[in-house]
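Structure file input_31.txt; described as compact mmCIF, N, CA and C atoms and all ligand atoms.
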```txt
# COMPACT_ATOMS: atom_id res chain seq x y z
N MET A 1 71.64 91.34 90.92
CA MET A 1 71.44 92.80 91.00
C MET A 1 71.76 93.26 92.42
N MET A 2 72.70 94.19 92.54
CA MET A 2 73.07 94.69 93.85
C MET A 2 72.09 95.77 94.30
N ASP A 3 71.71 95.73 95.56
CA ASP A 3 70.86 96.80 96.07
C ASP A 3 71.70 98.05 96.35
N SER A 4 71.04 99.17 96.56
CA SER A 4 71.77 100.43 96.69
C SER A 4 72.67 100.45 97.92
N GLY A 5 72.24 99.75 98.98
CA GLY A 5 73.08 99.69 100.17
C GLY A 5 74.41 99.04 99.88
N LEU A 6 74.38 97.95 99.15
CA LEU A 6 75.61 97.24 98.82
C LEU A 6 76.48 98.06 97.86
N ILE A 7 75.85 98.75 96.93
CA ILE A 7 76.60 99.62 96.02
C ILE A 7 77.37 100.67 96.82
N GLY A 8 76.72 101.22 97.82
CA GLY A 8 77.38 102.21 98.67
C GLY A 8 78.58 101.60 99.39
N LYS A 9 78.44 100.36 99.83
CA LYS A 9 79.55 99.69 100.53
C LYS A 9 80.72 99.45 99.58
N VAL A 10 80.41 99.09 98.35
CA VAL A 10 81.48 98.86 97.37
C VAL A 10 82.25 100.16 97.11
N GLU A 11 81.52 101.25 96.99
CA GLU A 11 82.18 102.55 96.78
C GLU A 11 83.05 102.91 97.97
N LYS A 12 82.53 102.63 99.17
CA LYS A 12 83.30 102.92 100.38
C LYS A 12 84.56 102.04 100.43
N ALA A 13 84.41 100.81 100.04
CA ALA A 13 85.54 99.88 100.05
C ALA A 13 86.65 100.38 99.13
N LYS A 14 86.28 100.87 97.96
CA LYS A 14 87.29 101.38 97.03
C LYS A 14 88.00 102.60 97.61
N ARG A 15 87.25 103.43 98.29
CA ARG A 15 87.85 104.61 98.92
C ARG A 15 88.79 104.18 100.05
N TYR A 16 88.34 103.23 100.87
CA TYR A 16 89.18 102.72 101.96
C TYR A 16 90.47 102.12 101.44
N ALA A 17 90.37 101.44 100.31
CA ALA A 17 91.56 100.75 99.77
C ALA A 17 92.64 101.74 99.37
N GLU A 18 92.25 102.99 99.14
CA GLU A 18 93.23 104.03 98.81
C GLU A 18 93.79 104.68 100.07
N GLU A 19 93.21 104.37 101.21
CA GLU A 19 93.61 105.00 102.47
C GLU A 19 94.20 103.94 103.38
N LYS A 20 95.41 103.49 103.01
CA LYS A 20 96.00 102.35 103.70
C LYS A 20 96.34 102.65 105.15
N ASP A 21 96.46 103.94 105.48
CA ASP A 21 96.79 104.25 106.88
C ASP A 21 95.64 103.92 107.83
N ARG A 22 94.49 103.58 107.28
CA ARG A 22 93.39 103.10 108.13
C ARG A 22 93.64 101.68 108.62
N ILE A 23 94.55 100.99 107.95
CA ILE A 23 94.70 99.56 108.19
C ILE A 23 95.99 99.28 108.93
N THR A 24 95.88 98.53 110.04
CA THR A 24 97.05 98.02 110.75
C THR A 24 96.94 96.50 110.78
N ILE A 25 97.94 95.84 110.24
CA ILE A 25 97.92 94.38 110.26
C ILE A 25 98.42 93.90 111.60
N ASN A 26 97.66 93.02 112.23
CA ASN A 26 98.06 92.45 113.52
C ASN A 26 98.89 91.20 113.33
N THR A 27 98.36 90.27 112.57
CA THR A 27 99.08 89.02 112.35
C THR A 27 98.85 88.53 110.93
N PHE A 28 99.84 87.84 110.38
CA PHE A 28 99.61 87.11 109.15
C PHE A 28 100.69 86.04 108.98
N GLU A 29 100.38 85.08 108.12
CA GLU A 29 101.37 84.10 107.69
C GLU A 29 101.30 84.07 106.18
N ALA A 30 102.47 84.09 105.53
CA ALA A 30 102.48 84.11 104.08
C ALA A 30 103.52 83.13 103.55
N LYS A 31 103.21 82.50 102.45
CA LYS A 31 104.22 81.70 101.77
C LYS A 31 104.92 82.60 100.77
N PHE A 32 106.23 82.63 100.84
CA PHE A 32 107.02 83.48 99.97
C PHE A 32 107.82 82.58 99.04
N ARG A 33 107.61 82.70 97.76
CA ARG A 33 108.33 81.87 96.79
C ARG A 33 109.67 82.53 96.48
N GLY A 34 110.71 82.03 97.13
CA GLY A 34 112.05 82.58 96.91
C GLY A 34 112.65 82.04 95.62
N GLU A 35 113.89 82.44 95.35
CA GLU A 35 114.54 82.00 94.11
C GLU A 35 114.86 80.51 94.17
N ASN A 36 115.15 80.01 95.38
CA ASN A 36 115.51 78.60 95.51
C ASN A 36 114.43 77.77 96.20
N ASN A 37 113.89 78.29 97.25
CA ASN A 37 112.91 77.55 98.04
C ASN A 37 111.75 78.46 98.44
N ASP A 38 110.68 77.80 98.86
CA ASP A 38 109.59 78.54 99.47
C ASP A 38 109.91 78.78 100.95
N HIS A 39 109.52 79.92 101.45
CA HIS A 39 109.72 80.23 102.86
C HIS A 39 108.41 80.73 103.43
N ILE A 40 108.25 80.53 104.73
CA ILE A 40 107.05 81.02 105.40
C ILE A 40 107.43 82.25 106.21
N VAL A 41 106.80 83.35 105.89
CA VAL A 41 107.00 84.60 106.63
C VAL A 41 105.80 84.80 107.55
N THR A 42 106.08 85.06 108.81
CA THR A 42 104.99 85.35 109.74
C THR A 42 105.24 86.71 110.40
N TYR A 43 104.15 87.30 110.86
CA TYR A 43 104.19 88.60 111.50
C TYR A 43 103.16 88.59 112.62
N ASP A 44 103.60 89.00 113.80
CA ASP A 44 102.69 88.99 114.95
C ASP A 44 102.94 90.26 115.77
N HIS A 45 102.10 91.24 115.59
CA HIS A 45 102.19 92.49 116.34
C HIS A 45 103.61 93.06 116.36
N GLY A 46 104.20 93.20 115.20
CA GLY A 46 105.51 93.83 115.11
C GLY A 46 106.68 92.85 115.11
N LYS A 47 106.40 91.58 115.43
CA LYS A 47 107.47 90.59 115.47
C LYS A 47 107.47 89.77 114.18
N TRP A 48 108.55 89.90 113.41
CA TRP A 48 108.68 89.19 112.14
C TRP A 48 109.38 87.86 112.34
N ASN A 49 109.07 86.91 111.48
CA ASN A 49 109.83 85.66 111.45
C ASN A 49 109.84 85.12 110.03
N CYS A 50 110.90 84.40 109.69
CA CYS A 50 110.98 83.73 108.39
C CYS A 50 111.71 82.42 108.59
N THR A 51 111.34 81.43 107.79
CA THR A 51 111.93 80.10 107.95
C THR A 51 113.28 79.96 107.25
N CYS A 52 113.75 80.97 106.54
CA CYS A 52 115.02 80.82 105.82
C CYS A 52 116.21 80.90 106.78
N ASN A 53 117.34 80.37 106.32
CA ASN A 53 118.54 80.33 107.16
C ASN A 53 119.05 81.72 107.48
N TYR A 54 119.00 82.59 106.50
CA TYR A 54 119.53 83.93 106.71
C TYR A 54 118.83 84.63 107.86
N PHE A 55 117.50 84.48 107.90
CA PHE A 55 116.76 85.14 108.98
C PHE A 55 117.18 84.61 110.35
N GLN A 56 117.43 83.30 110.42
CA GLN A 56 117.79 82.71 111.72
C GLN A 56 119.05 83.36 112.28
N GLY A 57 119.98 83.74 111.41
CA GLY A 57 121.21 84.36 111.88
C GLY A 57 121.09 85.86 112.08
N ARG A 58 120.27 86.51 111.28
CA ARG A 58 120.29 87.97 111.25
C ARG A 58 119.03 88.66 111.78
N GLY A 59 117.93 87.92 111.86
CA GLY A 59 116.70 88.53 112.34
C GLY A 59 116.01 89.38 111.29
N VAL A 60 116.49 89.29 110.06
CA VAL A 60 115.88 90.00 108.94
C VAL A 60 116.34 89.29 107.68
N CYS A 61 115.59 89.39 106.62
CA CYS A 61 116.00 88.74 105.37
C CYS A 61 115.26 89.40 104.21
N ALA A 62 115.60 88.98 103.01
CA ALA A 62 114.98 89.58 101.83
C ALA A 62 113.47 89.35 101.81
N HIS A 63 113.03 88.23 102.42
CA HIS A 63 111.59 87.91 102.39
C HIS A 63 110.81 88.83 103.33
N THR A 64 111.33 89.01 104.55
CA THR A 64 110.61 89.91 105.47
C THR A 64 110.68 91.35 104.96
N MET A 65 111.83 91.74 104.41
CA MET A 65 111.94 93.11 103.90
C MET A 65 111.04 93.31 102.68
N GLY A 66 110.92 92.27 101.86
CA GLY A 66 110.03 92.37 100.70
C GLY A 66 108.58 92.52 101.13
N MET A 67 108.18 91.72 102.12
CA MET A 67 106.81 91.83 102.62
C MET A 67 106.56 93.19 103.24
N GLU A 68 107.60 93.70 103.89
CA GLU A 68 107.47 95.00 104.54
C GLU A 68 107.21 96.10 103.51
N ILE A 69 107.85 95.98 102.36
CA ILE A 69 107.62 96.97 101.30
C ILE A 69 106.21 96.83 100.74
N VAL A 70 105.78 95.59 100.53
CA VAL A 70 104.43 95.35 100.00
C VAL A 70 103.37 95.93 100.94
N LEU A 71 103.62 95.77 102.25
CA LEU A 71 102.61 96.15 103.25
C LEU A 71 102.94 97.49 103.91
N GLU A 72 103.70 98.29 103.21
CA GLU A 72 104.18 99.55 103.77
C GLU A 72 103.07 100.38 104.41
N GLY A 73 103.34 100.80 105.63
CA GLY A 73 102.39 101.63 106.35
C GLY A 73 101.37 100.84 107.14
N MET A 74 101.29 99.52 106.88
CA MET A 74 100.30 98.69 107.57
C MET A 74 100.95 97.74 108.57
N VAL A 75 102.30 97.67 108.55
CA VAL A 75 103.03 96.83 109.49
C VAL A 75 104.15 97.67 110.12
N GLU A 76 104.63 97.21 111.26
CA GLU A 76 105.78 97.87 111.87
C GLU A 76 107.04 97.38 111.18
N PRO A 77 107.99 98.28 110.95
CA PRO A 77 109.22 97.84 110.28
C PRO A 77 110.01 96.86 111.13
N SER A 78 110.70 95.93 110.48
CA SER A 78 111.60 95.05 111.23
C SER A 78 112.80 95.86 111.69
N GLU A 79 113.44 95.39 112.74
CA GLU A 79 114.31 96.23 113.56
C GLU A 79 115.53 96.83 112.87
N GLN A 80 116.28 96.03 112.22
CA GLN A 80 117.65 96.33 111.76
C GLN A 80 117.75 97.34 110.63
N LEU A 81 116.64 97.80 110.09
CA LEU A 81 116.73 98.60 108.86
C LEU A 81 117.24 100.01 109.08
N VAL A 82 117.66 100.30 110.29
CA VAL A 82 118.15 101.64 110.59
C VAL A 82 119.58 101.79 110.09
ZN ZN B 1 113.64 84.81 104.72
```

Please re-express this file's structure in structure tokens.
Ligand SMILES: [Zn+2]
Amino acid sequence: MMDSGLIGKVEKAKRYAEEKDRITINTFEAKFRGENNDHIVTYDHGKWNCTCNYFQGRGVCAHTMGMEIVLEGMVEPSEQLV
């Protein structure tokens, strides 16, 4: 049985989850299951990295761009998308 204080927190959490602009991601590491291989995407204060070959040459790839779409508004965009 949840006490009323916790119920209030749950309601607040649901409201916060709709307000993504409150959230800025500083760092994360994610495993991305690509079509051929798994890749590790990392993000550190605006700096993206991915273990795939394409990223090594271009500084951007489908995995970082995909993560960027998922986390829209909570991460800084990777550079080249202009
Ligand atoms: Zn990649």

Problem - Which of chain A DSSP labels strand (DSSP E), written as a ChimeraX atom specification - result: /A:27-33,38-44,47-50

Give me a file of those residues, with N, CA and C atoms, as an mmCIF file, in the coordinates of the input.
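This went into out.cif:
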```cif
data_model
loop_
_atom_site.group_PDB
_atom_site.id
_atom_site.type_symbol
_atom_site.label_atom_id
_atom_site.label_comp_id
_atom_site.auth_asym_id
_atom_site.auth_seq_id
_atom_site.Cartn_x
_atom_site.Cartn_y
_atom_site.Cartn_z
ATOM 1 N N THR A 27 98.360 90.270 112.570
ATOM 2 C CA THR A 27 99.080 89.020 112.350
ATOM 3 C C THR A 27 98.850 88.530 110.930
ATOM 4 N N PHE A 28 99.840 87.840 110.380
ATOM 5 C CA PHE A 28 99.610 87.110 109.150
ATOM 6 C C PHE A 28 100.690 86.040 108.980
ATOM 7 N N GLU A 29 100.380 85.080 108.120
ATOM 8 C CA GLU A 29 101.370 84.100 107.690
ATOM 9 C C GLU A 29 101.300 84.070 106.180
ATOM 10 N N ALA A 30 102.470 84.090 105.530
ATOM 11 C CA ALA A 30 102.480 84.110 104.080
ATOM 12 C C ALA A 30 103.520 83.130 103.550
ATOM 13 N N LYS A 31 103.210 82.500 102.450
ATOM 14 C CA LYS A 31 104.220 81.700 101.770
ATOM 15 C C LYS A 31 104.920 82.600 100.770
ATOM 16 N N PHE A 32 106.230 82.630 100.840
ATOM 17 C CA PHE A 32 107.020 83.480 99.970
ATOM 18 C C PHE A 32 107.820 82.580 99.040
ATOM 19 N N ARG A 33 107.610 82.700 97.760
ATOM 20 C CA ARG A 33 108.330 81.870 96.790
ATOM 21 C C ARG A 33 109.670 82.530 96.480
ATOM 22 N N ASP A 38 110.680 77.800 98.860
ATOM 23 C CA ASP A 38 109.590 78.540 99.470
ATOM 24 C C ASP A 38 109.910 78.780 100.950
ATOM 25 N N HIS A 39 109.520 79.920 101.450
ATOM 26 C CA HIS A 39 109.720 80.230 102.860
ATOM 27 C C HIS A 39 108.410 80.730 103.430
ATOM 28 N N ILE A 40 108.250 80.530 104.730
ATOM 29 C CA ILE A 40 107.050 81.020 105.400
ATOM 30 C C ILE A 40 107.430 82.250 106.210
ATOM 31 N N VAL A 41 106.800 83.350 105.890
ATOM 32 C CA VAL A 41 107.000 84.600 106.630
ATOM 33 C C VAL A 41 105.800 84.800 107.550
ATOM 34 N N THR A 42 106.080 85.060 108.810
ATOM 35 C CA THR A 42 104.990 85.350 109.740
ATOM 36 C C THR A 42 105.240 86.710 110.400
ATOM 37 N N TYR A 43 104.150 87.300 110.860
ATOM 38 C CA TYR A 43 104.190 88.600 111.500
ATOM 39 C C TYR A 43 103.160 88.590 112.620
ATOM 40 N N ASP A 44 103.600 89.000 113.800
ATOM 41 C CA ASP A 44 102.690 88.990 114.950
ATOM 42 C C ASP A 44 102.940 90.260 115.770
ATOM 43 N N LYS A 47 106.400 91.580 115.430
ATOM 44 C CA LYS A 47 107.470 90.590 115.470
ATOM 45 C C LYS A 47 107.470 89.770 114.180
ATOM 46 N N TRP A 48 108.550 89.900 113.410
ATOM 47 C CA TRP A 48 108.680 89.190 112.140
ATOM 48 C C TRP A 48 109.380 87.860 112.340
ATOM 49 N N ASN A 49 109.070 86.910 111.480
ATOM 50 C CA ASN A 49 109.830 85.660 111.450
ATOM 51 C C ASN A 49 109.840 85.120 110.030
ATOM 52 N N CYS A 50 110.900 84.400 109.690
ATOM 53 C CA CYS A 50 110.980 83.730 108.390
ATOM 54 C C CYS A 50 111.710 82.420 108.590
#
```

Handout entry: Distance filter 6.5 Å around ligand ZN 1 (chain B), atoms: all atoms listed in the file, out as a list in words
Key = His39, Cys50, Thr51, Cys52, Asn53, Tyr54, Phe55, Val60, Cys61, Ala62, His63 and Thr64 of chain A

Problem - Polymer residues at most 7 Å from region 26-33 of chain A, only C-alpha atoms, same-chain spacing of 3 or more positions, as a PyMOL selection string - result: chain A and resi 37-45+63

Practice task
Tell me, in Å to one decimal, how far atom C of Gly57 (chain A) is from atom C of Ile25 (chain A).
Solution key: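 Distance between the two atoms: 24.1 Å.
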
Exercise for the section: For CA of Lys9 (chain A) and CA of Met74 (chain A), quote the distance in Å rounded to one decimal. Expected result: 21.9 Å

Problem - Residues of chain A in helix (DSSP H, G or I), written as an NGL selection string - result: :A and (4-17 or 20-22 or 53-58 or 62-70 or 79-81)

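When CA of Ala17 (chain A) is paired with atom N of Ser78 (chain A), their separation reads 22.5 Å.
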
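Taking only C-alpha atoms into account, Lys47 (chain A) lies nearest to A:Val75 out of the set A:Met2, A:Ala13, A:Val70, A:Val75.
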
Selecting N, CA and C atoms, how would region 2-44 of chain A from this structure be written as a JSON list (two decimals), in the first residue's frame?
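And here is the file that came out, part.json:
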```json
[["chain", "number", "residue", "atom", "x", "y", "z"],
["A", 2, "MET", "N", 0.70, 2.10, -1.00],
["A", 2, "MET", "CA", 1.50, 3.30, -1.09],
["A", 2, "MET", "C", 0.91, 4.39, -0.19],
["A", 3, "ASP", "N", 1.78, 5.11, 0.50],
["A", 3, "ASP", "CA", 1.27, 6.23, 1.29],
["A", 3, "ASP", "C", 1.00, 7.42, 0.38],
["A", 4, "SER", "N", 0.30, 8.41, 0.91],
["A", 4, "SER", "CA", -0.14, 9.53, 0.06],
["A", 4, "SER", "C", 1.04, 10.33, -0.48],
["A", 5, "GLY", "N", 2.13, 10.39, 0.31],
["A", 5, "GLY", "CA", 3.30, 11.11, -0.18],
["A", 5, "GLY", "C", 3.86, 10.47, -1.43],
["A", 6, "LEU", "N", 3.94, 9.17, -1.43],
["A", 6, "LEU", "CA", 4.48, 8.46, -2.59],
["A", 6, "LEU", "C", 3.53, 8.57, -3.79],
["A", 7, "ILE", "N", 2.24, 8.52, -3.52],
["A", 7, "ILE", "CA", 1.27, 8.69, -4.61],
["A", 7, "ILE", "C", 1.47, 10.04, -5.29],
["A", 8, "GLY", "N", 1.70, 11.06, -4.48],
["A", 8, "GLY", "CA", 1.96, 12.39, -5.04],
["A", 8, "GLY", "C", 3.20, 12.39, -5.91],
["A", 9, "LYS", "N", 4.23, 11.66, -5.48],
["A", 9, "LYS", "CA", 5.47, 11.61, -6.26],
["A", 9, "LYS", "C", 5.25, 10.90, -7.59],
["A", 10, "VAL", "N", 4.44, 9.85, -7.56],
["A", 10, "VAL", "CA", 4.16, 9.13, -8.81],
["A", 10, "VAL", "C", 3.43, 10.03, -9.79],
["A", 11, "GLU", "N", 2.47, 10.80, -9.29],
["A", 11, "GLU", "CA", 1.74, 11.72, -10.16],
["A", 11, "GLU", "C", 2.68, 12.78, -10.74],
["A", 12, "LYS", "N", 3.59, 13.26, -9.89],
["A", 12, "LYS", "CA", 4.56, 14.25, -10.35],
["A", 12, "LYS", "C", 5.48, 13.64, -11.41],
["A", 13, "ALA", "N", 5.88, 12.42, -11.19],
["A", 13, "ALA", "CA", 6.77, 11.74, -12.13],
["A", 13, "ALA", "C", 6.11, 11.63, -13.50],
["A", 14, "LYS", "N", 4.83, 11.29, -13.53],
["A", 14, "LYS", "CA", 4.12, 11.18, -14.81],
["A", 14, "LYS", "C", 4.05, 12.53, -15.51],
["A", 15, "ARG", "N", 3.85, 13.57, -14.73],
["A", 15, "ARG", "CA", 3.81, 14.91, -15.31],
["A", 15, "ARG", "C", 5.19, 15.30, -15.86],
["A", 16, "TYR", "N", 6.23, 15.02, -15.08],
["A", 16, "TYR", "CA", 7.60, 15.32, -15.52],
["A", 16, "TYR", "C", 7.94, 14.58, -16.80],
["A", 17, "ALA", "N", 7.47, 13.35, -16.90],
["A", 17, "ALA", "CA", 7.81, 12.53, -18.08],
["A", 17, "ALA", "C", 7.25, 13.12, -19.36],
["A", 18, "GLU", "N", 6.22, 13.95, -19.23],
["A", 18, "GLU", "CA", 5.65, 14.63, -20.39],
["A", 18, "GLU", "C", 6.38, 15.93, -20.70],
["A", 19, "GLU", "N", 7.25, 16.35, -19.80],
["A", 19, "GLU", "CA", 7.94, 17.64, -19.95],
["A", 19, "GLU", "C", 9.43, 17.37, -20.12],
["A", 20, "LYS", "N", 9.76, 16.84, -21.30],
["A", 20, "LYS", "CA", 11.13, 16.38, -21.52],
["A", 20, "LYS", "C", 12.14, 17.51, -21.52],
["A", 21, "ASP", "N", 11.67, 18.75, -21.73],
["A", 21, "ASP", "CA", 12.62, 19.85, -21.73],
["A", 21, "ASP", "C", 13.20, 20.11, -20.34],
["A", 22, "ARG", "N", 12.65, 19.45, -19.33],
["A", 22, "ARG", "CA", 13.25, 19.54, -18.00],
["A", 22, "ARG", "C", 14.53, 18.72, -17.89],
["A", 23, "ILE", "N", 14.70, 17.81, -18.84],
["A", 23, "ILE", "CA", 15.77, 16.83, -18.71],
["A", 23, "ILE", "C", 16.88, 17.11, -19.71],
["A", 24, "THR", "N", 18.11, 17.18, -19.21],
["A", 24, "THR", "CA", 19.29, 17.26, -20.07],
["A", 24, "THR", "C", 20.18, 16.07, -19.74],
["A", 25, "ILE", "N", 20.46, 15.26, -20.74],
["A", 25, "ILE", "CA", 21.32, 14.11, -20.50],
["A", 25, "ILE", "C", 22.77, 14.57, -20.56],
["A", 26, "ASN", "N", 23.54, 14.21, -19.54],
["A", 26, "ASN", "CA", 24.96, 14.57, -19.50],
["A", 26, "ASN", "C", 25.80, 13.49, -20.17],
["A", 27, "THR", "N", 25.62, 12.27, -19.73],
["A", 27, "THR", "CA", 26.41, 11.17, -20.29],
["A", 27, "THR", "C", 25.56, 9.91, -20.36],
["A", 28, "PHE", "N", 25.85, 9.08, -21.35],
["A", 28, "PHE", "CA", 25.28, 7.74, -21.35],
["A", 28, "PHE", "C", 26.10, 6.84, -22.27],
["A", 29, "GLU", "N", 25.94, 5.54, -22.06],
["A", 29, "GLU", "CA", 26.48, 4.54, -22.97],
["A", 29, "GLU", "C", 25.34, 3.60, -23.29],
["A", 30, "ALA", "N", 25.19, 3.28, -24.58],
["A", 30, "ALA", "CA", 24.09, 2.41, -24.98],
["A", 30, "ALA", "C", 24.57, 1.36, -25.97],
["A", 31, "LYS", "N", 24.03, 0.18, -25.87],
["A", 31, "LYS", "CA", 24.28, -0.82, -26.89],
["A", 31, "LYS", "C", 23.20, -0.68, -27.95],
["A", 32, "PHE", "N", 23.63, -0.55, -29.18],
["A", 32, "PHE", "CA", 22.70, -0.37, -30.29],
["A", 32, "PHE", "C", 22.78, -1.62, -31.16],
["A", 33, "ARG", "N", 21.67, -2.31, -31.31],
["A", 33, "ARG", "CA", 21.65, -3.52, -32.13],
["A", 33, "ARG", "C", 21.43, -3.12, -33.58],
["A", 34, "GLY", "N", 22.51, -3.09, -34.34],
["A", 34, "GLY", "CA", 22.41, -2.72, -35.75],
["A", 34, "GLY", "C", 21.94, -3.90, -36.58],
["A", 35, "GLU", "N", 21.86, -3.69, -37.89],
["A", 35, "GLU", "CA", 21.39, -4.76, -38.78],
["A", 35, "GLU", "C", 22.40, -5.90, -38.85],
["A", 36, "ASN", "N", 23.70, -5.55, -38.74],
["A", 36, "ASN", "CA", 24.73, -6.58, -38.84],
["A", 36, "ASN", "C", 25.42, -6.86, -37.51],
["A", 37, "ASN", "N", 25.75, -5.83, -36.80],
["A", 37, "ASN", "CA", 26.48, -5.99, -35.55],
["A", 37, "ASN", "C", 25.91, -5.08, -34.47],
["A", 38, "ASP", "N", 26.30, -5.39, -33.25],
["A", 38, "ASP", "CA", 26.00, -4.48, -32.15],
["A", 38, "ASP", "C", 27.06, -3.38, -32.11],
["A", 39, "HIS", "N", 26.66, -2.19, -31.77],
["A", 39, "HIS", "CA", 27.59, -1.08, -31.64],
["A", 39, "HIS", "C", 27.34, -0.40, -30.31],
["A", 40, "ILE", "N", 28.39, 0.22, -29.79],
["A", 40, "ILE", "CA", 28.25, 0.96, -28.55],
["A", 40, "ILE", "C", 28.24, 2.45, -28.88],
["A", 41, "VAL", "N", 27.17, 3.10, -28.52],
["A", 41, "VAL", "CA", 27.05, 4.55, -28.70],
["A", 41, "VAL", "C", 27.27, 5.21, -27.34],
["A", 42, "THR", "N", 28.14, 6.19, -27.32],
["A", 42, "THR", "CA", 28.35, 6.95, -26.08],
["A", 42, "THR", "C", 28.12, 8.43, -26.34],
["A", 43, "TYR", "N", 27.79, 9.13, -25.26],
["A", 43, "TYR", "CA", 27.52, 10.56, -25.33],
["A", 43, "TYR", "C", 28.07, 11.18, -24.05],
["A", 44, "ASP", "N", 28.84, 12.24, -24.22],
["A", 44, "ASP", "CA", 29.44, 12.89, -23.05],
["A", 44, "ASP", "C", 29.38, 14.40, -23.27]]
```
